[in-house]
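Enquirer: So I've got this file, start08.txt, and it contains compact mmCIF, C-alpha atoms and all ligand atoms:
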# COMPACT_ATOMS: atom_id res chain seq x y z
CA MET A 1 -257.34 -85.74 64.04
CA THR A 2 -259.47 -88.87 64.00
CA THR A 3 -259.93 -90.51 60.62
CA ILE A 4 -263.56 -91.49 60.15
CA ILE A 5 -263.74 -92.42 56.46
CA ASP A 6 -260.96 -94.43 54.88
CA CYS A 7 -261.22 -95.03 51.16
CA VAL A 8 -258.35 -96.97 49.57
CA GLY A 9 -258.01 -97.75 45.85
CA VAL A 10 -261.77 -97.82 45.34
CA GLU A 11 -263.09 -98.71 41.89
CA LYS A 12 -266.58 -99.23 40.55
CA SER A 13 -267.59 -100.51 37.13
CA PHE A 14 -271.08 -101.01 35.77
CA LYS A 15 -271.18 -103.77 33.15
CA GLY A 16 -267.53 -103.19 32.30
CA LYS A 17 -267.89 -99.38 32.18
CA VAL A 18 -265.67 -97.69 34.75
CA ALA A 19 -267.52 -95.10 36.90
CA VAL A 20 -264.93 -94.70 39.69
CA LYS A 21 -261.18 -95.31 39.36
CA GLY A 22 -258.67 -95.85 42.15
CA LEU A 23 -260.13 -93.39 44.67
CA THR A 24 -257.99 -92.97 47.77
CA PHE A 25 -258.75 -90.42 50.48
CA GLN A 26 -259.31 -90.12 54.20
CA ILE A 27 -261.84 -87.87 55.92
CA ASP A 28 -261.37 -86.76 59.51
CA LYS A 29 -264.02 -86.12 62.13
CA GLY A 30 -265.63 -82.71 61.75
CA GLU A 31 -264.58 -82.05 58.16
CA VAL A 32 -267.13 -80.57 55.76
CA VAL A 33 -266.19 -82.02 52.41
CA ALA A 34 -267.58 -80.95 49.04
CA LEU A 35 -267.41 -83.65 46.40
CA LEU A 36 -267.28 -81.75 43.12
CA GLY A 37 -267.27 -82.76 39.50
CA PRO A 38 -269.25 -82.47 36.29
CA ASN A 39 -272.29 -84.65 35.50
CA GLY A 40 -271.36 -88.30 35.37
CA ALA A 41 -268.01 -87.75 37.17
CA GLY A 42 -268.77 -90.46 39.72
CA LYS A 43 -269.94 -88.43 42.74
CA SER A 44 -273.21 -90.27 43.42
CA THR A 45 -271.54 -93.62 42.87
CA THR A 46 -268.88 -92.65 45.41
CA ILE A 47 -271.49 -91.54 47.97
CA GLN A 48 -273.46 -94.75 47.49
CA MET A 49 -270.32 -96.79 48.09
CA LEU A 50 -269.50 -94.73 51.21
CA LEU A 51 -272.99 -95.57 52.43
CA GLY A 52 -272.60 -99.28 51.71
CA LEU A 53 -275.47 -99.15 49.19
CA LEU A 54 -273.09 -100.17 46.42
CA GLU A 55 -270.17 -102.54 46.85
CA PRO A 56 -266.87 -101.39 45.23
CA SER A 57 -265.61 -103.56 42.35
CA ALA A 58 -262.13 -103.19 43.90
CA GLY A 59 -260.52 -101.42 46.86
CA ARG A 60 -261.72 -100.92 50.41
CA ILE A 61 -263.93 -98.48 52.30
CA THR A 62 -264.10 -98.41 56.09
CA ILE A 63 -265.96 -96.05 58.40
CA SER A 64 -264.25 -95.90 61.80
CA GLY A 65 -262.68 -99.22 60.87
CA LYS A 66 -265.99 -100.90 60.00
CA HIS A 67 -267.79 -101.83 56.79
CA PRO A 68 -270.18 -98.98 55.81
CA ASN A 69 -273.33 -101.06 56.04
CA MET A 70 -272.77 -102.35 59.57
CA LYS A 71 -275.53 -101.36 62.00
CA ALA A 72 -273.10 -99.48 64.26
CA VAL A 73 -272.15 -97.29 61.29
CA ARG A 74 -275.67 -96.81 59.93
CA GLU A 75 -276.89 -95.67 63.34
CA ARG A 76 -274.42 -92.79 63.21
CA THR A 77 -275.16 -91.84 59.60
CA GLY A 78 -277.71 -89.44 58.11
CA VAL A 79 -278.42 -89.42 54.38
CA MET A 80 -280.14 -87.17 51.86
CA LEU A 81 -280.10 -88.75 48.43
CA GLN A 82 -281.09 -87.03 45.19
CA GLU A 83 -284.50 -88.58 44.86
CA VAL A 84 -286.86 -87.88 47.74
CA ARG A 85 -289.28 -90.76 48.24
CA LEU A 86 -291.54 -90.74 51.28
CA LEU A 87 -294.08 -93.20 52.61
CA ASP A 88 -297.58 -92.18 51.48
CA THR A 89 -300.71 -91.83 53.65
CA VAL A 90 -298.84 -90.87 56.82
CA THR A 91 -298.27 -87.40 58.23
CA VAL A 92 -294.84 -85.82 58.39
CA LYS A 93 -294.85 -86.09 62.18
CA GLU A 94 -295.73 -89.80 62.02
CA ILE A 95 -292.93 -90.57 59.57
CA LEU A 96 -290.44 -88.59 61.68
CA GLN A 97 -291.53 -90.46 64.84
CA LEU A 98 -291.23 -93.77 63.00
CA VAL A 99 -287.70 -93.08 61.81
CA ARG A 100 -286.63 -91.60 65.19
CA GLY A 101 -287.70 -94.92 66.70
CA TYR A 102 -284.95 -96.77 64.80
CA TYR A 103 -282.19 -94.86 66.54
CA PRO A 104 -280.76 -95.11 70.05
CA ARG A 105 -280.41 -91.34 70.64
CA PRO A 106 -282.66 -89.45 68.17
CA LEU A 107 -283.17 -85.70 67.99
CA SER A 108 -286.50 -84.45 69.31
CA ILE A 109 -289.23 -83.30 66.94
CA GLU A 110 -288.63 -79.74 68.22
CA GLN A 111 -284.91 -79.94 67.39
CA LEU A 112 -285.73 -81.31 63.94
CA THR A 113 -288.24 -78.60 63.11
CA LYS A 114 -285.84 -75.93 64.30
CA LEU A 115 -282.97 -77.24 62.16
CA THR A 116 -285.03 -77.84 59.03
CA GLY A 117 -287.56 -75.02 59.13
CA LEU A 118 -290.54 -77.41 59.08
CA ASP A 119 -293.54 -75.66 60.61
CA GLU A 120 -296.46 -77.02 62.66
CA ASN A 121 -298.67 -76.96 59.61
CA SER A 122 -296.39 -79.18 57.51
CA LEU A 123 -295.86 -81.56 60.46
CA ASN A 124 -299.55 -82.41 60.30
CA MET A 125 -299.69 -82.77 56.52
CA ARG A 126 -299.82 -86.10 54.77
CA THR A 127 -296.63 -86.68 52.82
CA GLU A 128 -298.33 -87.01 49.40
CA LYS A 129 -299.71 -83.46 49.80
CA LEU A 130 -296.30 -81.84 50.30
CA THR A 131 -294.74 -79.42 47.83
CA GLY A 132 -291.28 -80.17 46.45
CA GLY A 133 -289.69 -77.72 48.90
CA GLN A 134 -291.51 -79.24 51.89
CA LYS A 135 -290.42 -82.72 50.78
CA GLN A 136 -286.81 -81.55 50.79
CA ARG A 137 -287.21 -80.29 54.36
CA VAL A 138 -288.74 -83.59 55.44
CA SER A 139 -285.92 -85.42 53.73
CA PHE A 140 -283.43 -83.27 55.66
CA ALA A 141 -285.33 -83.92 58.91
CA LEU A 142 -285.22 -87.67 58.23
CA ALA A 143 -281.48 -87.46 57.64
CA LEU A 144 -281.08 -85.75 61.02
CA ALA A 145 -283.62 -87.84 62.93
CA GLY A 146 -281.03 -90.21 64.40
CA ASN A 147 -278.76 -87.37 65.57
CA PRO A 148 -276.01 -88.50 63.17
CA ASP A 149 -272.37 -87.66 63.56
CA MET A 150 -271.87 -88.21 59.83
CA LEU A 151 -274.07 -86.67 57.13
CA PHE A 152 -274.07 -87.57 53.42
CA LEU A 153 -275.91 -85.10 51.22
CA ASP A 154 -276.21 -85.74 47.48
CA GLU A 155 -277.22 -82.46 45.83
CA PRO A 156 -279.31 -81.57 48.87
CA THR A 157 -280.36 -78.13 47.63
CA ALA A 158 -281.33 -79.09 44.07
CA GLY A 159 -284.79 -77.58 43.58
CA MET A 160 -284.74 -75.47 46.78
CA ASP A 161 -285.54 -71.78 46.49
CA ALA A 162 -283.00 -69.18 47.64
CA ILE A 163 -284.51 -68.76 51.12
CA ALA A 164 -284.67 -72.50 51.75
CA ARG A 165 -281.06 -72.90 50.59
CA LYS A 166 -279.90 -70.17 52.95
CA LYS A 167 -281.69 -71.75 55.90
CA PHE A 168 -280.32 -75.17 54.91
CA TRP A 169 -276.67 -74.03 54.89
CA LYS A 170 -277.13 -72.13 58.14
CA SER A 171 -278.25 -75.37 59.79
CA ILE A 172 -275.39 -77.26 58.19
CA GLY A 173 -273.05 -74.65 59.67
CA GLU A 174 -274.53 -75.27 63.13
CA LEU A 175 -274.14 -79.02 62.73
CA ALA A 176 -270.55 -78.58 61.56
CA GLU A 177 -269.83 -76.46 64.64
CA ARG A 178 -271.03 -79.33 66.78
CA GLY A 179 -268.47 -81.58 65.08
CA THR A 180 -270.69 -83.41 62.58
CA THR A 181 -268.71 -84.78 59.65
CA ILE A 182 -270.43 -83.72 56.43
CA ILE A 183 -269.90 -84.92 52.86
CA PHE A 184 -271.95 -83.23 50.17
CA THR A 185 -272.21 -82.87 46.41
CA THR A 186 -273.48 -79.76 44.70
CA HIS A 187 -273.52 -77.98 41.38
CA TYR A 188 -273.92 -74.61 43.15
CA LEU A 189 -270.32 -73.64 43.65
CA GLU A 190 -271.06 -70.70 45.92
CA GLU A 191 -272.24 -73.32 48.44
CA VAL A 192 -268.71 -74.72 48.47
CA GLU A 193 -267.32 -71.34 49.51
CA VAL A 194 -269.95 -70.94 52.21
CA ALA A 195 -269.87 -74.41 53.70
CA ALA A 196 -266.89 -76.59 52.80
CA THR A 197 -263.60 -76.91 54.64
CA ARG A 198 -262.25 -79.21 51.94
CA VAL A 199 -262.91 -79.96 48.28
CA LEU A 200 -262.48 -83.32 46.61
CA MET A 201 -262.72 -82.80 42.89
CA ILE A 202 -263.60 -85.82 40.77
CA ASN A 203 -263.57 -86.06 36.99
CA HIS A 204 -264.05 -89.21 34.93
CA GLY A 205 -264.15 -91.21 38.15
CA GLU A 206 -260.70 -90.08 39.33
CA LEU A 207 -259.67 -87.80 42.17
CA MET A 208 -258.22 -84.68 40.54
CA GLU A 209 -257.78 -82.29 43.47
CA ASP A 210 -257.91 -82.50 47.25
CA GLU A 211 -257.63 -79.09 48.90
CA THR A 212 -259.39 -76.29 50.76
CA PRO A 213 -261.72 -73.96 48.80
CA ALA A 214 -259.30 -71.10 49.52
CA MET A 215 -256.34 -73.06 48.14
CA MET A 216 -258.37 -74.02 45.10
CA LYS A 217 -259.18 -70.40 44.43
CA LYS A 218 -255.67 -69.18 45.08
CA LYS A 219 -254.05 -71.80 42.92
CA LEU A 220 -256.40 -71.57 40.03
CA ALA A 221 -258.62 -68.56 39.98
CA ARG A 222 -257.58 -65.70 37.82
CA GLN A 223 -258.52 -62.24 38.93
CA ARG A 224 -259.96 -59.64 36.60
CA ILE A 225 -259.09 -56.00 36.17
CA THR A 226 -261.92 -54.36 34.25
CA PHE A 227 -261.83 -50.80 32.88
CA THR A 228 -263.03 -48.57 30.08
CA THR A 229 -260.59 -46.79 27.80
CA ASN A 230 -260.39 -44.98 24.44
CA GLU A 231 -257.47 -47.20 23.43
CA PRO A 232 -258.73 -50.73 24.06
CA GLN A 233 -256.22 -52.25 21.64
CA HIS A 234 -253.16 -50.64 23.32
CA PRO A 235 -250.37 -53.24 23.06
CA GLY A 236 -249.42 -52.62 26.70
CA PHE A 237 -252.44 -54.60 27.92
CA PHE A 238 -251.40 -57.66 26.00
CA GLN A 239 -247.65 -57.66 26.44
CA GLU A 240 -247.00 -57.27 30.16
CA ALA A 241 -245.55 -60.26 31.96
CA GLY A 242 -248.20 -61.50 34.41
CA VAL A 243 -251.11 -60.81 32.04
CA LEU A 244 -252.77 -64.16 31.43
CA ASP A 245 -255.47 -63.09 29.00
CA VAL A 246 -257.18 -59.96 27.69
CA HIS A 247 -260.79 -59.61 26.53
CA VAL A 248 -261.84 -56.49 24.63
CA ASP A 249 -265.47 -55.57 24.15
CA GLY A 250 -265.82 -52.14 22.52
CA LYS A 251 -264.13 -49.74 24.93
CA LYS A 252 -264.26 -52.18 27.79
CA VAL A 253 -261.13 -54.18 28.56
CA ILE A 254 -260.80 -57.13 30.93
CA VAL A 255 -257.29 -58.14 31.91
CA PHE A 256 -256.92 -61.53 33.61
CA THR A 257 -254.03 -61.94 36.01
CA GLU A 258 -252.95 -63.66 39.19
CA ASN A 259 -251.32 -60.48 40.42
CA PRO A 260 -253.72 -57.53 39.98
CA ASP A 261 -251.78 -55.10 42.20
CA SER A 262 -248.60 -55.14 40.15
CA ILE A 263 -250.45 -55.24 36.80
CA LEU A 264 -252.56 -52.27 37.85
CA LYS A 265 -249.40 -50.28 38.67
CA ILE A 266 -248.05 -51.08 35.20
CA LEU A 267 -251.35 -50.15 33.52
CA TYR A 268 -251.26 -46.72 35.17
CA THR A 269 -247.75 -46.12 33.81
CA LEU A 270 -249.18 -46.43 30.27
CA ASN A 271 -250.69 -42.97 30.84
CA LEU A 272 -254.02 -43.79 29.19
CA GLU A 273 -257.40 -42.52 30.16
CA MET A 274 -258.88 -45.33 32.17
CA SER A 275 -262.20 -45.18 33.98
CA ASP A 276 -264.55 -47.53 35.88
CA VAL A 277 -261.59 -49.59 37.09
CA THR A 278 -262.61 -52.61 39.15
CA ILE A 279 -260.79 -55.67 40.38
CA THR A 280 -262.85 -58.84 40.68
CA LYS A 281 -261.54 -61.73 42.67
CA GLY A 282 -261.78 -65.21 41.21
CA THR A 283 -264.51 -67.44 42.52
CA VAL A 284 -264.51 -71.15 43.18
CA GLU A 285 -266.70 -71.32 40.09
CA ASP A 286 -263.95 -69.78 37.93
CA ALA A 287 -261.43 -72.15 39.46
CA TYR A 288 -263.66 -75.12 38.86
CA ASN A 289 -264.28 -74.16 35.24
CA GLN A 290 -260.58 -73.68 34.61
CA LEU A 291 -259.82 -77.02 36.15
CA THR A 292 -262.49 -78.89 34.23
CA ASN A 293 -261.62 -77.19 30.94
CA ARG A 294 -257.94 -77.89 31.46
CA ARG A 295 -258.62 -81.57 32.06
CA GLU A 296 -260.92 -81.82 29.05
CA VAL A 297 -258.31 -80.23 26.78
CA SER A 298 -255.33 -82.22 28.09
N1 LIG B 301 -276.56 -98.14 38.27
C1 LIG B 301 -275.82 -97.81 37.23
N2 LIG B 301 -275.73 -98.58 36.14
C2 LIG B 301 -274.95 -98.25 35.09
N3 LIG B 301 -274.19 -97.14 35.04
C3 LIG B 301 -274.24 -96.31 36.09
C4 LIG B 301 -275.05 -96.60 37.24
N4 LIG B 301 -274.87 -95.58 38.15
C5 LIG B 301 -274.01 -94.72 37.57
N5 LIG B 301 -273.63 -95.16 36.35
C6 LIG B 301 -272.66 -94.46 35.44
O1 LIG B 301 -271.50 -94.17 36.19
C7 LIG B 301 -270.98 -92.87 35.86
C8 LIG B 301 -270.92 -92.00 37.10
O2 LIG B 301 -272.26 -91.67 37.50
P1 LIG B 301 -272.62 -90.87 38.82
O3 LIG B 301 -274.11 -90.85 38.94
O4 LIG B 301 -271.83 -91.41 39.95
O5 LIG B 301 -272.10 -89.41 38.46
P2 LIG B 301 -272.34 -88.03 39.22
O6 LIG B 301 -271.00 -87.39 39.32
O7 LIG B 301 -273.08 -88.25 40.48
O8 LIG B 301 -273.25 -87.22 38.18
P3 LIG B 301 -274.44 -86.14 38.45
O9 LIG B 301 -273.76 -84.86 38.82
O10 LIG B 301 -275.09 -86.06 37.11
O11 LIG B 301 -275.34 -86.68 39.52
C9 LIG B 301 -271.88 -92.33 34.76
O12 LIG B 301 -271.29 -92.64 33.51
C10 LIG B 301 -273.18 -93.11 34.95
O13 LIG B 301 -273.88 -93.24 33.74
What's the structure tokens form of this structure?
Ligand SMILES: Nc1ncnc2c1ncn2[C@@H]1O[C@H](COP(=O)(O)OP(=O)(O)OP(=O)(O)O)[C@@H](O)[C@H]1O
Expert:
Amino acid sequence: MTTIIDCVGVEKSFKGKVAVKGLTFQIDKGEVVALLGPNGAGKSTTIQMLLGLLEPSAGRITISGKHPNMKAVRERTGVMLQEVRLLDTVTVKEILQLVRGYYPRPLSIEQLTKLTGLDENSLNMRTEKLTGGQKQRVSFALALAGNPDMLFLDEPTAGMDAIARKKFWKSIGELAERGTTIIFTTHYLEEVEVAATRVLMINHGELMEDETPAMMKKKLARQRITFTTNEPQHPGFFQEAGVLDVHVDGKKVIVFTENPDSILKILYTLNLEMSDVTITKGTVEDAYNQLTNRREVS
């Protein structure tokens, strides 16, 4: 594995207020990394430091051994930041051509439209006439214009409709298959399951977890056994070892456990009438909520 991003003991304070604390991680070529954390956790600040737009107050960031704002690094980097600002009075095609011109080996306009879903009609539109969704596509096309081998995406799908988001992650998948290294933030946790190979979880500016989405789910997510019964308060639901929590709502019971198979066997031995039995696997969202709640409480 080739390390591309090396972040060692990175800190950032704004007027004495700490936004990022002692971040240390390495990212290898081809990884698709989700940077997760609640509002204000320090994700955007971290991305801006990785891009060389903000200088760390302490610590060191190198990209393939170089400072992030060196030309050789910027030429290989594509960026979508939260706020989309485009030059006015030019057409989409003109702005794409302009930006392509900065790079030694840009993608063609055809490749860009294919990856981003921009159509002929929007290529000829002036940027100030674009809808929010079209602006997002242009912003994505601008990020890809230089044929980057590293992509930084800060909440790239915020404000996209469901179809646009699907198309976006399909293209990200294609880029990942070609070996593009991708770092993104999102508040849509299902996107983490679809796209990420690794999750870096940040809270209060500190790195809390560094693992795959599957590990995160396995380690943290509780699974649910849901059923309906005439005896929802039966002590057996509450007392079995391996039962983490029980919610009762009328006749409906939800048993939370990490081991649904063995708990289900035990529930059947109680000889109750149980119907509508379902097992729901934990999601990254559940895992994330548990993790955040746990940290807030502790
Ligand atoms: N330019 C700035 N000046 C002062 N404080 C800042 C600045 N940028 C960020 N902060 C503060 O640093 C902390 C981390 O902010 P950051 O934007 O990195 O969080 P985030 O995880 O990206 O949040 P969100 O999910 O809301 O985008 C917050 O307390 C924020 O108010």
Enquirer: Please, which residues have at least one atom within 10 Å of an atom of ligand LIG 301 (chain B), using all atoms listed in the file, listed as JSON, numbers by chain?
Expert: {"A": [12, 13, 14, 15, 16, 17, 18, 19, 20, 35, 36, 37, 38, 39, 40, 41, 42, 43, 44, 45, 46, 47, 48, 49, 54, 82, 154, 155, 185, 186, 187, 202, 203, 204, 205]}
Enquirer: Write the residues of the selection above to a file with C-alpha atoms, as a CSV table (one decimal), in the frame of the given file.
Expert:
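Listed below is the output, part_28.csv:
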chain,number,residue,atom,x,y,z
A,12,LYS,CA,-266.6,-99.2,40.6
A,13,SER,CA,-267.6,-100.5,37.1
A,14,PHE,CA,-271.1,-101.0,35.8
A,15,LYS,CA,-271.2,-103.8,33.2
A,16,GLY,CA,-267.5,-103.2,32.3
A,17,LYS,CA,-267.9,-99.4,32.2
A,18,VAL,CA,-265.7,-97.7,34.8
A,19,ALA,CA,-267.5,-95.1,36.9
A,20,VAL,CA,-264.9,-94.7,39.7
A,35,LEU,CA,-267.4,-83.6,46.4
A,36,LEU,CA,-267.3,-81.8,43.1
A,37,GLY,CA,-267.3,-82.8,39.5
A,38,PRO,CA,-269.2,-82.5,36.3
A,39,ASN,CA,-272.3,-84.6,35.5
A,40,GLY,CA,-271.4,-88.3,35.4
A,41,ALA,CA,-268.0,-87.8,37.2
A,42,GLY,CA,-268.8,-90.5,39.7
A,43,LYS,CA,-269.9,-88.4,42.7
A,44,SER,CA,-273.2,-90.3,43.4
A,45,THR,CA,-271.5,-93.6,42.9
A,46,THR,CA,-268.9,-92.6,45.4
A,47,ILE,CA,-271.5,-91.5,48.0
A,48,GLN,CA,-273.5,-94.8,47.5
A,49,MET,CA,-270.3,-96.8,48.1
A,54,LEU,CA,-273.1,-100.2,46.4
A,82,GLN,CA,-281.1,-87.0,45.2
A,154,ASP,CA,-276.2,-85.7,47.5
A,155,GLU,CA,-277.2,-82.5,45.8
A,185,THR,CA,-272.2,-82.9,46.4
A,186,THR,CA,-273.5,-79.8,44.7
A,187,HIS,CA,-273.5,-78.0,41.4
A,202,ILE,CA,-263.6,-85.8,40.8
A,203,ASN,CA,-263.6,-86.1,37.0
A,204,HIS,CA,-264.0,-89.2,34.9
A,205,GLY,CA,-264.2,-91.2,38.2
Enquirer: Within 10 Å of (-259.6, -48.8, 38.1), in the coordinates the file gives, what residues turn up when you count all atoms listed in the file, written out as a list in words?
Expert: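 Here the neighbourhood of the point contains Ile225, Thr226, Phe227, Thr228, Leu264, Leu267, Tyr268, Met274, Ser275, Asp276, Val277, Thr278 and Ile279 of chain A.
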Enquirer: For a test of reading the model, state the distance in Å between atom CA of Lys281 of chain A and atom CA of Leu244 of chain A, rounded to one decimal.
Expert: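 Atom-to-atom, atom CA of Lys281 of chain A to atom CA of Leu244 of chain A, that is 14.5 Å.
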Enquirer: Leaving out Leu50 of chain A and any residue of its chain fewer than 4 positions from it, which residues lie within 10 Å of it when counting all atoms listed in the file, given as a list of chain:residue names?
Expert: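 Here the qualifying residues turn out to be A:Ile5, A:Asp6, A:Cys7, A:Ser44, A:Thr45, A:Thr46, A:Leu54, A:Glu55, A:Pro56, A:Arg60, A:Ile61, A:Thr62, A:Ile63, A:His67, A:Pro68, A:Asn69, A:Phe152, A:Ile183.
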Enquirer: Using all atoms listed in the file, find the one residue out of A:Met125, A:Met150, A:Met160, A:Ile27 that sits nearest to Arg178 of chain A.
Expert: A:Met150
Enquirer: Find the distance between atom CA of Gln97 of chain A and atom CA of Val79 of chain A and write it in Å to one decimal.
Expert: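 Those two atoms sit 16.8 Å apart.
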Enquirer: Write out as number ranges by chain each polymer residue whose atoms come within 9 Å of segment 247-260 of chain A, counting only C-alpha atoms; drop sequence neighbours fewer than 3 positions from it.
Expert: A: 218, 220-233, 237-238, 242-244, 263-265, 279
Enquirer: Give me, please, the distance in Å between atom CA of Leu96 of chain A and atom CA of Ser64 of chain A, quoted to one decimal.
Expert: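 Atom-to-atom, atom CA of Leu96 of chain A and atom CA of Ser64 of chain A are spaced 27.2 Å apart.
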Enquirer: For each of A:Asp119, A:Glu177, A:Asp149, A:Glu209, take the minimum atom-to-atom distance to Leu107 of chain A, counting only C-alpha atoms, then give the residue where this is smallest.
Expert: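 Result for the nearest residue to Leu107 of chain A: A:Asp149.
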Enquirer: Smallest atom-to-atom distance to Val192 of chain A: which of A:Val32, A:Ala164, A:Leu81, A:Leu151, using all atoms listed in the file?
Expert: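 Selected residue with least distance to Val192 of chain A: A:Val32.
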Enquirer: Find the residue from A:Leu272, A:Leu142, A:Gln136, A:Gly78 that sits nearest to Leu98 of chain A; use all atoms listed in the file when measuring.
Expert: A:Leu142
Enquirer: Under the rule that only C-alpha atoms are counted, which of A:Glu75, A:Asp261, A:Glu190, A:Glu206 is the nearest residue to Tyr103 of chain A?
Expert: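 The shortest atom-to-atom distance to Tyr103 of chain A comes from A:Glu75.
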Enquirer: Counting all atoms listed in the file, which of A:Thr157, A:Thr292, A:Asn124, A:Thr180 gets nearest to Met201 of chain A?
Expert: A:Thr292
Enquirer: So which residues touch Lys170 of chain A within 12 Å, counting all atoms listed in the file, skipping near sequence neighbours fewer than 4 positions away, as a ChimeraX atom specification?
Expert: /A:114-117,163-166,174-177,191,194-195
Enquirer: Within 8 Å of (-291.3, -83.7, 64.9), in the coordinates the file gives, what residues turn up when you count only C-alpha atoms, written out as a list in words?
Expert: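 Applying the cut-off with only C-alpha atoms, one gets Val92, Lys93, Leu96, Gln97, Ser108, Ile109, Glu110, Gln111, Leu112, Thr113 and Leu123 of chain A.
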Enquirer: Quick one: write out the picked residues with C-alpha atoms as a PDB file, in the coordinates of the input?
Expert:
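The result, written out as part_22.pdb:
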ATOM      1  CA  VAL A  92    -294.840 -85.820  58.390  1.00  0.00           C
ATOM      2  CA  LYS A  93    -294.850 -86.090  62.180  1.00  0.00           C
ATOM      3  CA  LEU A  96    -290.440 -88.590  61.680  1.00  0.00           C
ATOM      4  CA  GLN A  97    -291.530 -90.460  64.840  1.00  0.00           C
ATOM      5  CA  SER A 108    -286.500 -84.450  69.310  1.00  0.00           C
ATOM      6  CA  ILE A 109    -289.230 -83.300  66.940  1.00  0.00           C
ATOM      7  CA  GLU A 110    -288.630 -79.740  68.220  1.00  0.00           C
ATOM      8  CA  GLN A 111    -284.910 -79.940  67.390  1.00  0.00           C
ATOM      9  CA  LEU A 112    -285.730 -81.310  63.940  1.00  0.00           C
ATOM     10  CA  THR A 113    -288.240 -78.600  63.110  1.00  0.00           C
ATOM     11  CA  LEU A 123    -295.860 -81.560  60.460  1.00  0.00           C
TER      12      LEU A 123
END
